[in-house]
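The next block is data_31.cif, given as mmCIF, C-alpha atoms (C1' of nucleotides).
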data_upload
#
loop_
_atom_site.label_atom_id
_atom_site.label_comp_id
_atom_site.auth_asym_id
_atom_site.auth_seq_id
_atom_site.Cartn_x
_atom_site.Cartn_y
_atom_site.Cartn_z
CA MET B 1 11.21 -51.24 172.93
CA GLN B 2 7.78 -52.19 171.87
CA ASN B 3 7.68 -54.84 174.50
CA LEU B 4 7.37 -52.31 177.25
CA ASP B 5 4.12 -51.33 175.62
CA SER B 6 2.79 -54.83 175.82
CA ALA B 7 4.14 -55.50 179.27
CA PHE B 8 2.66 -52.41 180.86
CA SER B 9 -0.48 -52.83 178.86
CA ALA B 10 -0.84 -56.42 180.00
CA LEU B 11 -0.55 -55.29 183.60
CA SER B 12 -3.15 -52.61 183.20
CA ASP B 13 -5.98 -55.12 183.21
CA PRO B 14 -7.27 -56.27 186.60
CA THR B 15 -8.16 -59.72 185.35
CA ARG B 16 -4.66 -60.24 184.10
CA ARG B 17 -3.17 -58.96 187.32
CA ALA B 18 -5.37 -61.42 189.17
CA ILE B 19 -4.13 -64.18 186.93
CA LEU B 20 -0.57 -63.24 187.71
CA ALA B 21 -1.39 -63.14 191.39
CA ARG B 22 -2.75 -66.63 191.09
CA LEU B 23 0.33 -67.78 189.26
CA ALA B 24 2.44 -66.31 191.99
CA LEU B 25 0.98 -69.06 194.12
CA GLY B 26 2.20 -71.64 191.69
CA GLU B 27 1.99 -72.99 188.21
CA THR B 28 -1.48 -73.98 187.11
CA THR B 29 -3.66 -74.74 184.13
CA VAL B 30 -5.93 -72.57 182.04
CA MET B 31 -9.13 -74.01 183.47
CA GLU B 32 -7.84 -73.50 186.97
CA LEU B 33 -7.07 -69.93 186.15
CA ALA B 34 -10.42 -69.34 184.53
CA ARG B 35 -12.49 -70.77 187.35
CA PRO B 36 -12.53 -67.85 189.77
CA PHE B 37 -13.75 -65.52 187.06
CA GLU B 38 -17.17 -65.21 185.66
CA MET B 39 -15.81 -64.97 182.21
CA SER B 40 -15.74 -67.32 179.28
CA GLN B 41 -12.80 -69.60 178.72
CA PRO B 42 -11.86 -67.95 175.44
CA ALA B 43 -11.60 -64.65 177.25
CA ILE B 44 -9.13 -66.10 179.73
CA SER B 45 -7.33 -67.81 176.92
CA ARG B 46 -6.76 -64.51 175.26
CA HIS B 47 -5.68 -62.85 178.47
CA LEU B 48 -3.08 -65.55 178.77
CA ARG B 49 -1.87 -64.91 175.28
CA VAL B 50 -1.52 -61.24 176.10
CA LEU B 51 0.49 -62.08 179.20
CA GLU B 52 2.62 -64.46 177.23
CA ASN B 53 3.34 -61.92 174.53
CA ALA B 54 4.31 -59.48 177.21
CA GLY B 55 6.85 -61.94 178.55
CA LEU B 56 5.04 -62.18 181.85
CA ILE B 57 4.14 -65.84 181.69
CA LEU B 58 5.35 -69.03 180.05
CA ARG B 59 3.29 -71.95 178.90
CA ARG B 60 4.20 -75.51 178.32
CA VAL B 61 2.11 -78.31 176.94
CA GLU B 62 1.55 -81.36 179.03
CA GLY B 63 -0.88 -83.68 177.35
CA SER B 64 -4.10 -81.83 176.93
CA LYS B 65 -3.25 -79.35 179.65
CA HIS B 66 -1.21 -76.24 179.23
CA PRO B 67 0.19 -75.22 182.57
CA CYS B 68 1.26 -71.61 182.90
CA ARG B 69 3.80 -70.08 185.17
CA LEU B 70 5.33 -66.70 185.74
CA ALA B 71 8.19 -65.52 183.58
CA ARG B 72 10.72 -63.00 184.69
CA GLN B 73 11.51 -61.44 181.37
CA GLY B 74 8.57 -59.06 181.29
CA LEU B 75 8.99 -58.06 184.87
CA ASP B 76 12.67 -57.43 184.38
CA GLU B 77 12.10 -55.15 181.45
CA ILE B 78 9.53 -53.21 183.35
CA ASP B 79 11.68 -52.96 186.42
CA GLN B 80 14.56 -51.77 184.40
CA TRP B 81 12.54 -49.01 182.87
CA LEU B 82 11.01 -47.98 186.16
CA GLU B 83 14.44 -47.71 187.68
CA MET B 84 14.93 -44.52 185.76
CA LEU B 85 11.89 -42.96 187.38
CA ARG B 86 12.89 -44.17 190.81
CA THR B 87 16.28 -42.61 190.49
CA ALA B 88 14.85 -39.35 189.29
CA LEU B 89 12.40 -39.22 192.14
CA GLU B 90 14.95 -40.17 194.75
CA ASN B 91 17.25 -37.44 193.62
CA ASN B 92 14.57 -34.88 193.11
CA TYR B 93 15.53 -34.36 189.53
CA ASP B 94 11.90 -33.82 189.00
CA ARG B 95 12.13 -30.51 190.79
CA LEU B 96 13.90 -28.24 188.41
CA ASP B 97 13.18 -25.20 190.54
CA HIS B 98 14.82 -26.96 193.44
CA LEU B 99 17.88 -27.62 191.37
CA LEU B 100 18.07 -24.10 190.14
CA ALA B 101 17.89 -22.78 193.64
CA GLU B 102 20.72 -25.05 194.56
CA MET B 103 22.81 -23.92 191.63
CA LYS B 104 22.54 -20.38 192.77
CA SER B 105 23.55 -21.19 196.33
CA PRO B 106 27.18 -20.35 197.22
CA ASN B 107 28.25 -23.91 197.78
CA HIS B 108 26.66 -25.58 194.81
CA LEU B 109 30.02 -27.12 194.08
CA GLY B 110 29.57 -29.63 196.83
CA GLY B 111 26.89 -31.29 194.85
CA LYS B 112 23.63 -32.50 196.20
CA ASP B 113 23.04 -35.41 198.47
CA LEU B 114 23.66 -37.83 195.68
CA SER B 115 24.98 -40.95 197.17
CA PRO B 116 28.10 -41.82 195.22
CA GLY B 117 26.82 -45.16 194.13
CA THR B 118 23.71 -44.00 192.41
CA PRO B 119 23.70 -43.43 188.71
CA THR B 120 23.71 -39.73 188.08
CA TYR B 121 21.14 -38.16 185.87
CA HIS B 122 21.96 -34.56 185.24
CA PRO B 123 19.18 -32.43 184.05
CA GLY B 124 20.32 -31.61 180.63
CA ASP B 125 22.00 -34.91 180.05
CA LYS B 126 21.23 -35.93 176.52
CA ASP B 127 21.36 -39.52 177.41
CA LEU B 128 18.39 -39.92 179.62
CA SER B 129 16.53 -38.58 176.86
CA PRO B 130 13.23 -39.30 175.51
CA GLY B 131 14.90 -40.29 172.33
CA THR B 132 16.40 -37.29 170.73
CA PRO B 133 14.38 -34.41 171.97
CA THR B 134 15.79 -32.00 169.48
CA SER B 135 16.39 -33.37 166.04
CA LYS B 136 13.53 -35.06 164.39
CA GLU B 137 13.91 -35.51 160.74
CA LYS B 138 12.52 -38.82 159.79
CA ASN B 139 9.53 -41.03 159.86
CA PRO B 140 6.57 -38.80 160.41
CA HIS B 141 4.99 -41.33 162.65
CA GLU B 142 7.85 -42.21 164.89
CA GLN B 143 7.72 -41.13 168.44
CA PRO B 144 10.78 -40.22 170.41
CA ASP B 145 10.98 -42.69 173.20
CA THR B 146 13.44 -44.03 175.64
CA GLU B 147 13.09 -47.57 174.68
CA ASP B 148 14.05 -47.91 171.11
CA MET S 1 -7.30 -50.60 193.47
CA GLN S 2 -8.55 -49.09 190.30
CA ASN S 3 -5.58 -46.82 190.27
CA LEU S 4 -3.29 -49.63 189.32
CA ASP S 5 -5.29 -49.86 186.16
CA SER S 6 -4.67 -46.26 185.31
CA ALA S 7 -1.06 -46.30 186.39
CA PHE S 8 -0.08 -49.32 184.33
CA SER S 9 -2.24 -48.15 181.50
CA ALA S 10 -0.60 -44.76 181.54
CA LEU S 11 2.80 -46.39 181.29
CA SER S 12 1.79 -48.56 178.39
CA ASP S 13 1.96 -45.69 175.96
CA PRO S 14 5.37 -44.83 174.49
CA THR S 15 4.58 -41.15 174.22
CA ARG S 16 3.73 -41.00 177.87
CA ARG S 17 6.82 -42.92 178.84
CA ALA S 18 8.84 -40.46 176.82
CA ILE S 19 7.16 -37.62 178.65
CA LEU S 20 8.06 -39.19 181.95
CA ALA S 21 11.61 -39.68 180.79
CA ARG S 22 11.74 -36.02 179.94
CA LEU S 23 10.35 -35.08 183.32
CA ALA S 24 12.99 -37.21 184.94
CA LEU S 25 15.38 -34.57 183.66
CA GLY S 26 13.49 -31.90 185.46
CA GLU S 27 10.25 -30.06 185.79
CA THR S 28 9.04 -28.44 182.62
CA THR S 29 6.07 -26.95 180.86
CA VAL S 30 3.51 -28.42 178.55
CA MET S 31 4.88 -26.73 175.46
CA GLU S 32 8.35 -27.94 176.30
CA LEU S 33 7.04 -31.43 176.63
CA ALA S 34 5.08 -31.26 173.44
CA ARG S 35 7.90 -29.95 171.30
CA PRO S 36 9.81 -33.15 170.61
CA PHE S 37 6.68 -34.85 169.38
CA GLU S 38 4.98 -34.40 166.14
CA MET S 39 1.67 -34.42 167.77
CA SER S 40 -0.84 -31.71 168.42
CA GLN S 41 -0.78 -29.82 171.68
CA PRO S 42 -4.19 -31.10 172.74
CA ALA S 43 -2.92 -34.63 172.36
CA ILE S 44 -0.04 -33.96 174.71
CA SER S 45 -2.38 -32.17 177.02
CA ARG S 46 -4.50 -35.24 177.29
CA HIS S 47 -1.51 -37.49 177.80
CA LEU S 48 -0.58 -35.28 180.70
CA ARG S 49 -4.03 -35.61 182.14
CA VAL S 50 -3.76 -39.37 181.91
CA LEU S 51 -0.43 -39.28 183.69
CA GLU S 52 -1.83 -36.99 186.31
CA ASN S 53 -4.83 -39.22 186.94
CA ALA S 54 -2.48 -42.12 187.31
CA GLY S 55 -0.60 -40.28 190.01
CA LEU S 56 2.54 -40.23 187.92
CA ILE S 57 2.89 -36.50 187.55
CA LEU S 58 1.85 -33.32 189.34
CA ARG S 59 1.01 -29.99 187.81
CA ARG S 60 1.05 -26.54 189.24
CA VAL S 61 -0.02 -23.28 187.72
CA GLU S 62 2.48 -20.52 187.37
CA GLY S 63 1.03 -17.64 185.48
CA SER S 64 0.06 -18.87 182.09
CA LYS S 65 2.41 -21.83 182.28
CA HIS S 66 1.67 -25.14 183.90
CA PRO S 67 4.91 -26.82 184.85
CA CYS S 68 4.75 -30.57 185.38
CA ARG S 69 6.94 -32.79 187.45
CA LEU S 70 7.11 -36.40 188.44
CA ALA S 71 5.02 -37.68 191.32
CA ARG S 72 5.93 -40.69 193.36
CA GLN S 73 2.46 -41.89 194.23
CA GLY S 74 1.81 -43.76 191.02
CA LEU S 75 5.23 -45.29 190.93
CA ASP S 76 4.94 -46.38 194.52
CA GLU S 77 1.66 -48.14 193.93
CA ILE S 78 3.04 -49.92 190.94
CA ASP S 79 6.20 -50.89 192.72
CA GLN S 80 4.26 -52.23 195.61
CA TRP S 81 2.18 -54.41 193.38
CA LEU S 82 5.16 -55.64 191.40
CA GLU S 83 6.87 -56.62 194.61
CA MET S 84 4.53 -59.56 194.82
CA LEU S 85 5.66 -60.85 191.44
CA ARG S 86 9.29 -60.30 192.28
CA THR S 87 8.95 -62.30 195.44
CA ALA S 88 7.18 -65.11 193.68
CA LEU S 89 9.80 -65.26 190.98
CA GLU S 90 12.70 -65.07 193.39
CA ASN S 91 11.33 -67.94 195.36
CA ASN S 92 10.23 -69.97 192.41
CA TYR S 93 6.69 -70.09 193.62
CA ASP S 94 5.81 -70.05 190.01
CA ARG S 95 7.10 -73.59 189.60
CA LEU S 96 4.53 -75.80 191.21
CA ASP S 97 6.19 -78.90 189.88
CA HIS S 98 9.39 -77.75 191.47
CA LEU S 99 7.65 -77.33 194.78
CA LEU S 100 5.98 -80.68 194.58
CA ALA S 101 9.24 -82.38 193.85
CA GLU S 102 10.66 -80.72 196.88
CA MET S 103 7.77 -81.78 199.06
CA LYS S 104 8.38 -85.36 198.16
CA SER S 105 12.06 -85.19 198.92
CA PRO S 106 13.07 -86.72 202.28
CA ASN S 107 14.09 -83.48 203.86
CA HIS S 108 11.20 -81.32 202.82
CA LEU S 109 10.78 -80.39 206.45
CA GLY S 110 13.70 -78.07 206.25
CA GLY S 111 11.64 -75.88 204.06
CA LYS S 112 12.95 -74.34 200.92
CA ASP S 113 15.41 -71.58 200.68
CA LEU S 114 12.85 -69.10 201.84
CA SER S 115 14.59 -66.38 203.65
CA PRO S 116 12.72 -65.97 206.92
CA GLY S 117 11.72 -62.43 206.24
CA THR S 118 9.93 -63.06 203.00
CA PRO S 119 6.18 -63.37 202.87
CA THR S 120 5.20 -66.96 202.29
CA TYR S 121 2.93 -67.92 199.46
CA HIS S 122 1.88 -71.52 199.60
CA PRO S 123 0.55 -73.06 196.46
CA GLY S 124 -2.88 -74.22 197.35
CA ASP S 125 -3.58 -71.31 199.58
CA LYS S 126 -7.11 -70.28 198.93
CA ASP S 127 -6.28 -66.67 198.98
CA LEU S 128 -5.13 -65.66 195.60
CA SER S 129 -4.23 -62.20 196.57
CA PRO S 130 -0.69 -61.69 197.64
CA GLY S 131 -1.62 -58.11 198.34
CA THR S 132 -3.68 -58.97 201.37
CA PRO S 133 -2.49 -62.47 201.92
CA THR S 134 -4.93 -63.35 204.64
CA SER S 135 -8.55 -62.40 205.03
CA LYS S 136 -10.57 -61.99 201.91
CA GLU S 137 -14.22 -62.87 202.04
CA LYS S 138 -15.55 -61.38 198.95
CA ASN S 139 -18.74 -61.46 197.00
CA PRO S 140 -19.02 -64.28 194.51
CA HIS S 141 -18.79 -62.07 191.50
CA GLU S 142 -15.78 -60.13 192.44
CA GLN S 143 -12.63 -60.94 190.71
CA PRO S 144 -9.87 -62.23 192.88
CA ASP S 145 -7.43 -59.46 192.44
CA THR S 146 -4.80 -57.96 194.54
CA GLU S 147 -5.94 -54.47 194.28
CA ASP S 148 -9.39 -54.10 195.66
"C1'" DT C 1 -7.83 -2.52 175.30
"C1'" DC C 2 -6.20 -5.70 171.83
"C1'" DT C 3 -3.24 -9.37 170.74
"C1'" DT C 4 -0.58 -13.24 171.50
"C1'" DG C 5 1.03 -17.28 173.91
"C1'" DA C 6 0.05 -21.27 176.83
"C1'" DC C 7 -2.92 -24.16 177.93
"C1'" DA C 8 -7.71 -26.89 178.40
"C1'" DT C 9 -11.93 -28.77 176.57
"C1'" DA C 10 -15.31 -30.44 173.11
"C1'" DA C 11 -16.66 -33.04 169.22
"C1'" DC C 12 -15.57 -36.49 166.18
"C1'" DA C 13 -13.30 -40.39 163.47
"C1'" DA C 14 -10.26 -44.25 163.45
"C1'" DA C 15 -8.13 -47.89 165.90
"C1'" DA C 16 -7.44 -50.92 169.68
"C1'" DG C 17 -9.38 -53.74 173.57
"C1'" DA C 18 -12.25 -56.94 175.88
"C1'" DG C 19 -15.99 -60.00 176.01
"C1'" DT C 20 -19.23 -63.29 173.64
"C1'" DT C 21 -20.69 -67.36 170.98
"C1'" DA C 22 -19.48 -70.79 167.70
"C1'" DT C 23 -16.25 -73.90 166.21
"C1'" DA C 24 -11.77 -76.42 165.54
"C1'" DT C 25 -8.18 -79.44 167.45
"C1'" DA C 26 -5.79 -82.64 170.29
"C1'" DA C 27 -5.53 -85.74 174.15
"C1'" DC C 28 -8.21 -88.97 177.02
"C1'" DA C 29 -11.49 -92.17 178.34
"C1'" DA C 30 -14.75 -95.62 177.34
"C1'" DT X 1 -14.43 -95.27 167.25
"C1'" DT X 2 -17.04 -92.08 169.87
"C1'" DG X 3 -17.73 -88.89 173.36
"C1'" DT X 4 -15.61 -85.63 176.51
"C1'" DT X 5 -12.27 -82.49 178.31
"C1'" DA X 6 -8.89 -78.78 177.74
"C1'" DT X 7 -7.68 -75.25 175.06
"C1'" DA X 8 -7.15 -72.21 170.82
"C1'" DT X 9 -9.04 -69.45 167.05
"C1'" DA X 10 -12.51 -66.87 164.45
"C1'" DA X 11 -16.04 -63.60 163.82
"C1'" DC X 12 -18.52 -60.07 165.73
"C1'" DT X 13 -20.06 -56.29 169.02
"C1'" DC X 14 -19.45 -52.75 172.29
"C1'" DT X 15 -16.46 -49.61 174.60
"C1'" DT X 16 -12.29 -47.14 175.30
"C1'" DT X 17 -8.34 -44.86 173.63
"C1'" DT X 18 -5.84 -41.77 170.80
"C1'" DG X 19 -5.27 -38.36 167.60
"C1'" DT X 20 -7.40 -34.30 165.01
"C1'" DT X 21 -9.42 -29.74 164.44
"C1'" DA X 22 -11.97 -26.02 166.40
"C1'" DT X 23 -12.62 -23.16 170.06
"C1'" DG X 24 -12.53 -21.21 174.87
"C1'" DT X 25 -9.86 -19.16 178.81
"C1'" DC X 26 -6.46 -16.75 181.21
"C1'" DA X 27 -2.10 -14.26 181.72
"C1'" DA X 28 1.34 -11.24 179.76
"C1'" DG X 29 2.58 -7.51 176.66
"C1'" DA X 30 2.16 -3.67 173.56
#

Take the structure in the file and write it out as structure tokens.
Amino acid sequence: MQNLDSAFSALSDPTRRAILARLALGETTVMELARPFEMSQPAISRHLRVLENAGLILRRVEGSKHPCRLARQGLDEIDQWLEMLRTALENNYDRLDHLLAEMKSPNHLGGKDLSPGTPTYHPGDKDLSPGTPTSKEKNPHEQPDTED
Amino acid sequence: MQNLDSAFSALSDPTRRAILARLALGETTVMELARPFEMSQPAISRHLRVLENAGLILRRVEGSKHPCRLARQGLDEIDQWLEMLRTALENNYDRLDHLLAEMKSPNHLGGKDLSPGTPTYHPGDKDLSPGTPTSKEKNPHEQPDTED
DNA sequence: TCTTGACATAACAAAAGAGTTATATAACAA
DNA sequence: TTGTTATATAACTCTTTTGTTATGTCAAGA
């Protein structure tokens, strides 16, 4: 999903993170948001557009003011994607050597310490995939990614 | 923290997210990682460096191969920062109007539905940074951001 | 030792990002 | 109507990012 690009990208800028932090305190206007920064108003205006495109904020028009507030869409998408990494890290799927060692152990049948509730990512599962790691016939400029 | 910049920035690229998704399946080498992409090896190599600088992966040297695996540091930092947004959204701190309406209501003393454990962000609080909610006497040209 | 495989690094071009000033627009106030 | 405030858009510059090719290094084999 291309939106993950814009969401993560939006968050990669400290000014924009500061804006979000301010909005976490409550809805406010563009001028209010711009004030703490030594930056022109158009610059802030564009930062807001970036955040809006990323689904991280919402704007409404109220007379001549355009109050902004946080939106959950962008955060949700990001969180959802990150969940995959969290799971992998929690279950040490990142340590292939570790897994291999375990496979070789006499009681590998018992399975690891995977709590039964957690989604199971097996190394080798096609699904988790960065796209389709193997076949790659089409569009020379497409990248295999999780989020399509 | 400047590292949030690099962490979010690292995640904003689809190729790098795909690499992370692959690593979620297990530790693997650079060539392995590069294979699914129609991209030169140096390009992948640099993506890996970006991920490493962001604290999202770790590399070790094993003979002529350099297996990579996920690291939790980067993810933890990101998660920690995002927590602020989650809290704000959960508690509707983003809706100033909503809060104001509530203040005016006869029983505003009861306080909102803030669960007692949650950090309290009051709109109007001078401190914009939910990261370090209290003290923050900074130089006039610093940007009010969570991560310093 | 010579060669090959698995990387890393350097140099460079193209594209994207971030900030600036100038200017347009719409709502308000006088 | 006119001036002012709040904000958006445009045009432009400077810097960073991303990918490319060329090349260097180190380990493993023959």

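If you take all atoms listed in the file and a cut-off of 9 Å, the residues of chain B that reach chain C are Met39, Ser40, Pro42, Ala43, Gly63, Ser64 and Lys65 of chain B.
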
Checklist entry - What residues in chain X lie within 8 Å of chain B, counting all atoms listed in the file, written as a count of residues only? => result 3

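Once Leu82 (chain B) and its same-chain neighbours fewer than 5 positions away are set aside, Glu77 and Thr87 of chain B; Leu75 and Asp79 of chain S remain within 9 Å of it when counting only C-alpha atoms (C1' of nucleotides).
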
Checklist outcome for this item: As a check of understanding: the span from CA of Arg72 (chain S) to CA of Asn53 (chain B) is 28.5 Å

Checklist entry - Is there a way to get, as a ChimeraX atom specification, all residues within 12 Å of the point (3.1, -57.6, 176.2) in file coordinates, counting all atoms listed in the file? => result /B:1-13,16,47-57,71,73-75,77-78 /S:12-13

Checklist entry - What is the CA of Ala88 (chain B) to CA of Ala21 (chain S) distance in Å? => result 9.1 Å

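The coordinates place CA of Thr28 (chain B) at 5.0 Å from CA of Pro67 (chain B).
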
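Using only C-alpha atoms, the nearest neighbour of chain B within the list S:Glu32, S:Glu62, S:Leu85, S:Asn91 is S:Leu85.
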
Checklist entry - Of the candidates S:Ile44, S:Leu58, S:Ala34, S:Leu89, which one gets nearest to chain B if we count all atoms listed in the file? => result S:Leu89
